[in-house]
2 protein chains.
Amino acid sequence: MTDKAVVVLSGGQDSTTCLWWALERFGSNNVEALSFDYGQRHRIELDCATAVAELAGVPQSVLPIDTFAALGGNALTDAGIAVGSDGKRELPVTFVPGRNLIFVTFAAAWAWPRKVTHIVAGVSQADYSGYPDCRQETIDALSTALKLGMELVFEIHTPLMNLTKAETVLLAEELGAMDAMSLTHTCYAGQRPPCGRCHACVLRAKGFAEAGIEDPLLRR
Amino acid sequence: MTDKAVVVLSGGQDSTTCLWWALERFGSNNVEALSFDYGQRHRIELDCATAVAELAGVPQSVLPIDTFAALGGNALTDAGIAVGSDGKRELPVTFVPGRNLIFVTFAAAWAWPRKVTHIVAGVSQADYSGYPDCRQETIDALSTALKLGMELVFEIHTPLMNLTKAETVLLAEELGAMDAMSLTHTCYAGQRPPCGRCHACVLRAKGFAEAGIEDPLLRR
């Protein structure tokens, strides 16, 4: 049986790079994309994920998660909290507690009946923006919990774990994902073309600049 | 600061016993109940959870999770699959992949902004009905993932982990939870009074019989 993989696809730069990584590693017939509709403030992210999956030629499933919005109190789902307005908290205001843990666990629950045993997620501890659920040791512990809890040998791949944004840009180019980059969404302000001022835009621009590559999103 | 605890309360016998355990351990002013509305086939479970929380005199929050229903394919949320109709699968048909992992992770996400650091869950590996996400080692790995992923020292309490159903009944009596037992729901068929024939009813009856205690639910 050929190994099958599911890529957690947000529609951003990192998960899109992961999708192209998975295409090369597993072959396009063995890859599916899974996106989450969790009440993100900017629906454009999901539209981008769909466009990226279409360009990749892989099936995309979208799973709803209404729980984060009900939990409330974070800037990625709550329109009442300004991103970047918070200098005092220990974790960024965009931190949704356990978001990546939930995404990967639901990806495993989706994968389980389908006998898909590889899960690919675009988390990175190098440029992790203060999100502790992106770190290797967190993912390792979750991987153990999933293997034990579902009695299936999942492998969680995090090809960007130790890459800087610049290295991720170079990887994307190497994988031929630059056309897809023009479809991705990064801006926290939800603007297209991107605002260029929010933390996410600044980080993305820095990555492309350091890689010496023009961001195809800005060329459009 | 006094330690605060959240109990994952389904409205069943086990989680209700855990609530009374938490009342004794942390005091009623420091305990809250958290229930999940995840599309369970029998809404009566949630009503029971609310009645139990009221009897305990603790606040109850209900978080929606629409993801399990979207994942489909299991007997606890899907009316098209008969419970107990499946003799061939390795795991019971009532297994929702990762359900307890998700519940505890969302409980942690709920607890995080509230500085609640104790999570109490009624999972048991002694009578775990073939659910691998109830085992101690699964919970231990999840606990590690949550601590790392949320940068908070959560303690996950599973007071029933190594208790048989009979021992759980005896614990409930010791904790004065027998009035609450009359409010709980166990029957997979969703019947009240319970059907007495489904796997859950049989397991509950066996536990009370072995404990030598009459089930107050049957006395009503």
# chains A, B, ... in the order shown; residues from 1 in each chain; ligands from 1
>>> interface_residues(of="chain A", to="chain B", cutoff="9 Å", atoms="only C-alpha atoms", output="number ranges by chain")
A: 63-68, 70-71, 73, 96-102, 105-106, 108-110, 112-113, 131-135, 137-151
>>> write_last_selection(atoms="N, CA and C atoms", output="compact mmCIF listing (two decimals), in the first residue's frame")
# COMPACT_ATOMS: atom_id res chain seq x y z
N LEU A 63 -12.97 21.16 7.23
CA LEU A 63 -13.68 20.77 8.45
C LEU A 63 -14.02 22.01 9.25
N PRO A 64 -15.26 22.10 9.73
CA PRO A 64 -15.60 23.23 10.59
C PRO A 64 -15.13 22.99 12.02
N ILE A 65 -14.73 24.05 12.68
CA ILE A 65 -14.48 24.01 14.13
C ILE A 65 -15.10 25.28 14.70
N ASP A 66 -16.25 25.13 15.35
CA ASP A 66 -16.89 26.32 15.91
C ASP A 66 -16.44 26.62 17.34
N THR A 67 -15.55 25.80 17.86
CA THR A 67 -15.19 25.89 19.28
C THR A 67 -14.31 27.10 19.60
N PHE A 68 -13.39 27.44 18.71
CA PHE A 68 -12.48 28.55 19.01
C PHE A 68 -13.25 29.86 19.15
N ALA A 70 -16.28 30.17 20.08
CA ALA A 70 -17.01 30.11 21.34
C ALA A 70 -16.07 30.36 22.53
N LEU A 71 -14.83 29.92 22.41
CA LEU A 71 -13.86 30.19 23.47
C LEU A 71 -13.55 31.68 23.54
N GLY A 73 -11.87 35.57 22.76
CA GLY A 73 -10.74 36.20 23.41
C GLY A 73 -9.41 36.14 22.68
N VAL A 96 -3.87 31.40 19.96
CA VAL A 96 -5.07 30.65 20.31
C VAL A 96 -4.57 29.43 21.08
N PRO A 97 -4.91 29.33 22.37
CA PRO A 97 -4.32 28.24 23.14
C PRO A 97 -4.58 26.88 22.49
N GLY A 98 -3.52 26.18 22.18
CA GLY A 98 -3.67 24.82 21.69
C GLY A 98 -4.16 24.68 20.26
N ARG A 99 -4.13 25.77 19.50
CA ARG A 99 -4.70 25.70 18.16
C ARG A 99 -4.04 24.63 17.29
N ASN A 100 -2.71 24.61 17.30
CA ASN A 100 -2.04 23.59 16.47
C ASN A 100 -2.26 22.19 16.99
N LEU A 101 -2.38 22.05 18.32
CA LEU A 101 -2.68 20.73 18.89
C LEU A 101 -4.03 20.24 18.37
N ILE A 102 -5.00 21.13 18.36
CA ILE A 102 -6.34 20.78 17.88
C ILE A 102 -6.32 20.46 16.38
N THR A 105 -4.69 17.12 15.83
CA THR A 105 -5.51 16.03 16.36
C THR A 105 -6.72 15.77 15.46
N PHE A 106 -7.37 16.84 15.01
CA PHE A 106 -8.49 16.64 14.08
C PHE A 106 -8.00 16.09 12.74
N ALA A 108 -5.63 14.02 12.43
CA ALA A 108 -5.47 12.58 12.71
C ALA A 108 -6.82 11.87 12.74
N ALA A 109 -7.82 12.53 13.33
CA ALA A 109 -9.17 11.94 13.38
C ALA A 109 -9.75 11.80 11.97
N TRP A 110 -9.43 12.77 11.11
CA TRP A 110 -9.86 12.71 9.70
C TRP A 110 -9.11 11.59 8.99
N TRP A 112 -7.67 8.88 10.25
CA TRP A 112 -7.80 7.56 10.86
C TRP A 112 -8.66 6.60 10.02
N PRO A 113 -9.92 6.94 9.71
CA PRO A 113 -10.73 5.97 8.95
C PRO A 113 -10.26 5.84 7.50
N TYR A 131 4.64 31.21 19.60
CA TYR A 131 3.60 30.20 19.77
C TYR A 131 4.23 28.90 20.27
N PRO A 132 4.02 28.56 21.52
CA PRO A 132 4.72 27.38 22.06
C PRO A 132 4.21 26.07 21.48
N ASP A 133 3.05 26.07 20.84
CA ASP A 133 2.57 24.80 20.29
C ASP A 133 3.18 24.51 18.93
N CYS A 134 4.12 25.34 18.49
CA CYS A 134 4.83 25.07 17.24
C CYS A 134 6.14 24.34 17.46
N ARG A 135 6.55 24.17 18.70
CA ARG A 135 7.88 23.63 18.94
C ARG A 135 7.97 22.12 18.73
N GLU A 137 9.28 19.77 20.50
CA GLU A 137 8.97 18.90 21.65
C GLU A 137 7.46 18.82 21.89
N THR A 138 6.74 19.90 21.57
CA THR A 138 5.28 19.85 21.69
C THR A 138 4.70 18.87 20.67
N ILE A 139 5.18 18.98 19.44
CA ILE A 139 4.71 18.09 18.38
C ILE A 139 5.07 16.64 18.69
N ASP A 140 6.25 16.42 19.24
CA ASP A 140 6.66 15.06 19.61
C ASP A 140 5.70 14.46 20.64
N ALA A 141 5.37 15.25 21.66
CA ALA A 141 4.47 14.74 22.70
C ALA A 141 3.09 14.47 22.13
N LEU A 142 2.62 15.36 21.26
CA LEU A 142 1.32 15.16 20.63
C LEU A 142 1.33 13.91 19.76
N SER A 143 2.42 13.72 19.05
CA SER A 143 2.56 12.54 18.21
C SER A 143 2.42 11.27 19.04
N THR A 144 3.06 11.24 20.20
CA THR A 144 2.94 10.09 21.09
C THR A 144 1.49 9.91 21.55
N ALA A 145 0.85 11.01 21.93
CA ALA A 145 -0.55 10.93 22.38
C ALA A 145 -1.45 10.38 21.27
N LEU A 146 -1.22 10.82 20.04
CA LEU A 146 -2.06 10.37 18.92
C LEU A 146 -1.83 8.90 18.61
N LYS A 147 -0.57 8.48 18.63
CA LYS A 147 -0.27 7.08 18.36
C LYS A 147 -0.93 6.18 19.39
N LEU A 148 -0.81 6.58 20.65
CA LEU A 148 -1.41 5.78 21.72
C LEU A 148 -2.92 5.87 21.69
N GLY A 149 -3.44 7.07 21.45
CA GLY A 149 -4.88 7.30 21.57
C GLY A 149 -5.68 6.78 20.39
N MET A 150 -5.02 6.60 19.27
CA MET A 150 -5.74 6.11 18.09
C MET A 150 -5.24 4.76 17.60
N GLU A 151 -4.22 4.25 18.27
CA GLU A 151 -3.66 2.95 17.89
C GLU A 151 -3.32 2.87 16.41
>>> residues_around(residues="Leu218 of chain B", least_positions_apart="3", cutoff="10 Å", atoms="only C-alpha atoms", output="PDB file with N, CA and C atoms, in the first residue's frame")
ATOM      1  N   SER B 182     -28.796   9.638  40.157  1.00  0.00           N
ATOM      2  CA  SER B 182     -30.159   9.504  39.634  1.00  0.00           C
ATOM      3  C   SER B 182     -30.417  10.487  38.485  1.00  0.00           C
ATOM      4  N   ARG B 192     -34.867   6.724  28.592  1.00  0.00           N
ATOM      5  CA  ARG B 192     -34.980   7.120  29.986  1.00  0.00           C
ATOM      6  C   ARG B 192     -36.384   6.803  30.442  1.00  0.00           C
ATOM      7  N   PRO B 193     -36.630   5.805  31.264  1.00  0.00           N
ATOM      8  CA  PRO B 193     -35.643   4.932  31.906  1.00  0.00           C
ATOM      9  C   PRO B 193     -34.814   4.158  30.880  1.00  0.00           C
ATOM     10  N   PRO B 194     -33.596   3.779  31.270  1.00  0.00           N
ATOM     11  CA  PRO B 194     -32.647   3.174  30.336  1.00  0.00           C
ATOM     12  C   PRO B 194     -33.131   1.858  29.764  1.00  0.00           C
ATOM     13  N   GLY B 196     -31.557  -0.890  29.273  1.00  0.00           N
ATOM     14  CA  GLY B 196     -31.121  -2.067  30.027  1.00  0.00           C
ATOM     15  C   GLY B 196     -30.433  -3.126  29.181  1.00  0.00           C
ATOM     16  N   ALA B 205     -25.106  -1.567  34.943  1.00  0.00           N
ATOM     17  CA  ALA B 205     -25.831  -2.483  35.845  1.00  0.00           C
ATOM     18  C   ALA B 205     -24.868  -3.435  36.551  1.00  0.00           C
ATOM     19  N   GLU B 214     -28.046  -0.362  44.856  1.00  0.00           N
ATOM     20  CA  GLU B 214     -29.098  -0.221  43.864  1.00  0.00           C
ATOM     21  C   GLU B 214     -28.867   1.073  43.081  1.00  0.00           C
ATOM     22  N   ASP B 215     -29.002   0.984  41.784  1.00  0.00           N
ATOM     23  CA  ASP B 215     -28.817   2.170  40.940  1.00  0.00           C
ATOM     24  C   ASP B 215     -29.974   3.144  41.184  1.00  0.00           C
TER      25      ASP B 215
END
>>> closest_residue(among="B:Ala189, B:Val6, B:Ala56, B:Asn30", to="Gly176 of chain B", atoms="only C-alpha atoms")
B:Ala56
>>> select_by_dssp(residues="segment 14-219 of chain A", states="strand (DSSP E or B)", output="ChimeraX atom specification")
/A:31-37,60-64,118-120,155-157
>>> write_last_selection(atoms="N, CA and C atoms", output="mmCIF file, in the first residue's frame")
data_model
loop_
_atom_site.group_PDB
_atom_site.id
_atom_site.type_symbol
_atom_site.label_atom_id
_atom_site.label_comp_id
_atom_site.auth_asym_id
_atom_site.auth_seq_id
_atom_site.Cartn_x
_atom_site.Cartn_y
_atom_site.Cartn_z
ATOM 1 N N VAL A 31 -1.713 12.582 -1.931
ATOM 2 C CA VAL A 31 -1.769 13.730 -1.021
ATOM 3 C C VAL A 31 -3.166 14.341 -1.044
ATOM 4 N N GLU A 32 -3.660 14.661 0.136
ATOM 5 C CA GLU A 32 -4.892 15.444 0.234
ATOM 6 C C GLU A 32 -4.645 16.633 1.150
ATOM 7 N N ALA A 33 -5.429 17.674 0.942
ATOM 8 C CA ALA A 33 -5.319 18.867 1.781
ATOM 9 C C ALA A 33 -6.516 18.929 2.723
ATOM 10 N N LEU A 34 -6.248 19.343 3.951
ATOM 11 C CA LEU A 34 -7.319 19.508 4.938
ATOM 12 C C LEU A 34 -7.236 20.918 5.506
ATOM 13 N N SER A 35 -8.322 21.657 5.348
ATOM 14 C CA SER A 35 -8.370 23.021 5.876
ATOM 15 C C SER A 35 -9.435 23.109 6.955
ATOM 16 N N PHE A 36 -9.289 24.076 7.824
ATOM 17 C CA PHE A 36 -10.240 24.238 8.922
ATOM 18 C C PHE A 36 -10.945 25.589 8.819
ATOM 19 N N ASP A 37 -12.244 25.523 8.908
ATOM 20 C CA ASP A 37 -13.059 26.731 8.954
ATOM 21 C C ASP A 37 -13.390 26.969 10.418
ATOM 22 N N GLN A 60 -9.338 18.702 -1.605
ATOM 23 C CA GLN A 60 -9.309 19.463 -0.351
ATOM 24 C C GLN A 60 -10.581 19.185 0.445
ATOM 25 N N SER A 61 -10.431 18.905 1.719
ATOM 26 C CA SER A 61 -11.587 18.834 2.616
ATOM 27 C C SER A 61 -11.527 20.024 3.549
ATOM 28 N N VAL A 62 -12.692 20.534 3.905
ATOM 29 C CA VAL A 62 -12.756 21.628 4.874
ATOM 30 C C VAL A 62 -13.580 21.159 6.069
ATOM 31 N N LEU A 63 -12.966 21.159 7.226
ATOM 32 C CA LEU A 63 -13.677 20.766 8.449
ATOM 33 C C LEU A 63 -14.019 22.007 9.253
ATOM 34 N N PRO A 64 -15.259 22.097 9.734
ATOM 35 C CA PRO A 64 -15.604 23.229 10.589
ATOM 36 C C PRO A 64 -15.126 22.994 12.022
ATOM 37 N N HIS A 118 0.296 9.739 7.294
ATOM 38 C CA HIS A 118 1.255 10.849 7.356
ATOM 39 C C HIS A 118 0.503 12.174 7.444
ATOM 40 N N ILE A 119 0.859 12.959 8.427
ATOM 41 C CA ILE A 119 0.250 14.276 8.608
ATOM 42 C C ILE A 119 1.352 15.312 8.464
ATOM 43 N N VAL A 120 1.108 16.287 7.614
ATOM 44 C CA VAL A 120 2.125 17.313 7.369
ATOM 45 C C VAL A 120 1.597 18.654 7.857
ATOM 46 N N GLU A 155 2.730 9.465 11.446
ATOM 47 C CA GLU A 155 3.964 10.220 11.417
ATOM 48 C C GLU A 155 3.595 11.679 11.151
ATOM 49 N N ILE A 156 4.016 12.544 12.043
ATOM 50 C CA ILE A 156 3.747 13.968 11.855
ATOM 51 C C ILE A 156 4.997 14.608 11.269
ATOM 52 N N HIS A 157 4.851 15.128 10.055
ATOM 53 C CA HIS A 157 5.981 15.765 9.387
ATOM 54 C C HIS A 157 5.894 17.281 9.537
#
>>> select_by_dssp(residues="segment 31-195 of chain A", states="alpha helix (DSSP H)", output="PyMOL selection string")
chain A and resi 44-56+67-71+99-111+136-150+165-174+178-181
>>> closest_residue(among="A:Gln191, A:Thr158, A:Thr2, A:Thr164", to="Glu210 of chain A", atoms="only C-alpha atoms")
A:Thr164
>>> residues_around(residues="Pro159 of chain B", least_positions_apart="3", cutoff="9 Å", atoms="only C-alpha atoms", output="PyMOL selection string")
chain B and resi 18+21+120-124+162-163
>>> write_last_selection(atoms="C-alpha atoms", output="compact mmCIF listing (two decimals), in the first residue's frame")
# COMPACT_ATOMS: atom_id res chain seq x y z
CA CYS B 18 -15.39 13.02 39.01
CA TRP B 21 -14.37 14.03 43.60
CA VAL B 120 -10.48 16.45 35.76
CA ALA B 121 -11.64 13.82 33.28
CA GLY B 122 -13.58 10.62 33.91
CA VAL B 123 -11.56 8.34 31.69
CA SER B 124 -10.76 4.85 32.91
CA ASN B 162 -7.68 2.30 37.52
CA LEU B 163 -11.11 1.73 39.02
>>> residues_around(residues="Gly27 of chain A", least_positions_apart="5", cutoff="10 Å", atoms="only C-alpha atoms", output="PyMOL selection string")
chain A and resi 2-5+20-22
>>> closest_residue(among="B:Ile44, B:Ser28, B:Gly207, B:Gly39", to="Val58 of chain B", atoms="only C-alpha atoms")
B:Ser28
>>> residues_around(residues="Thr16 of chain A", least_positions_apart="2", cutoff="10 Å", atoms="only C-alpha atoms", output="PyMOL selection string")
chain A and resi 7-14+18-22+33+48-49+52-53+56+121-122+172+177-178+180-181+183-185
>>> residues_around(residues="Tyr188 of chain B", least_positions_apart="6", cutoff="9 Å", atoms="only C-alpha atoms", output="list in words")
Arg41, His42, Leu76, Val83, Pro194, Cys195, Cys198, His199, Ala200 and Cys201 of chain B
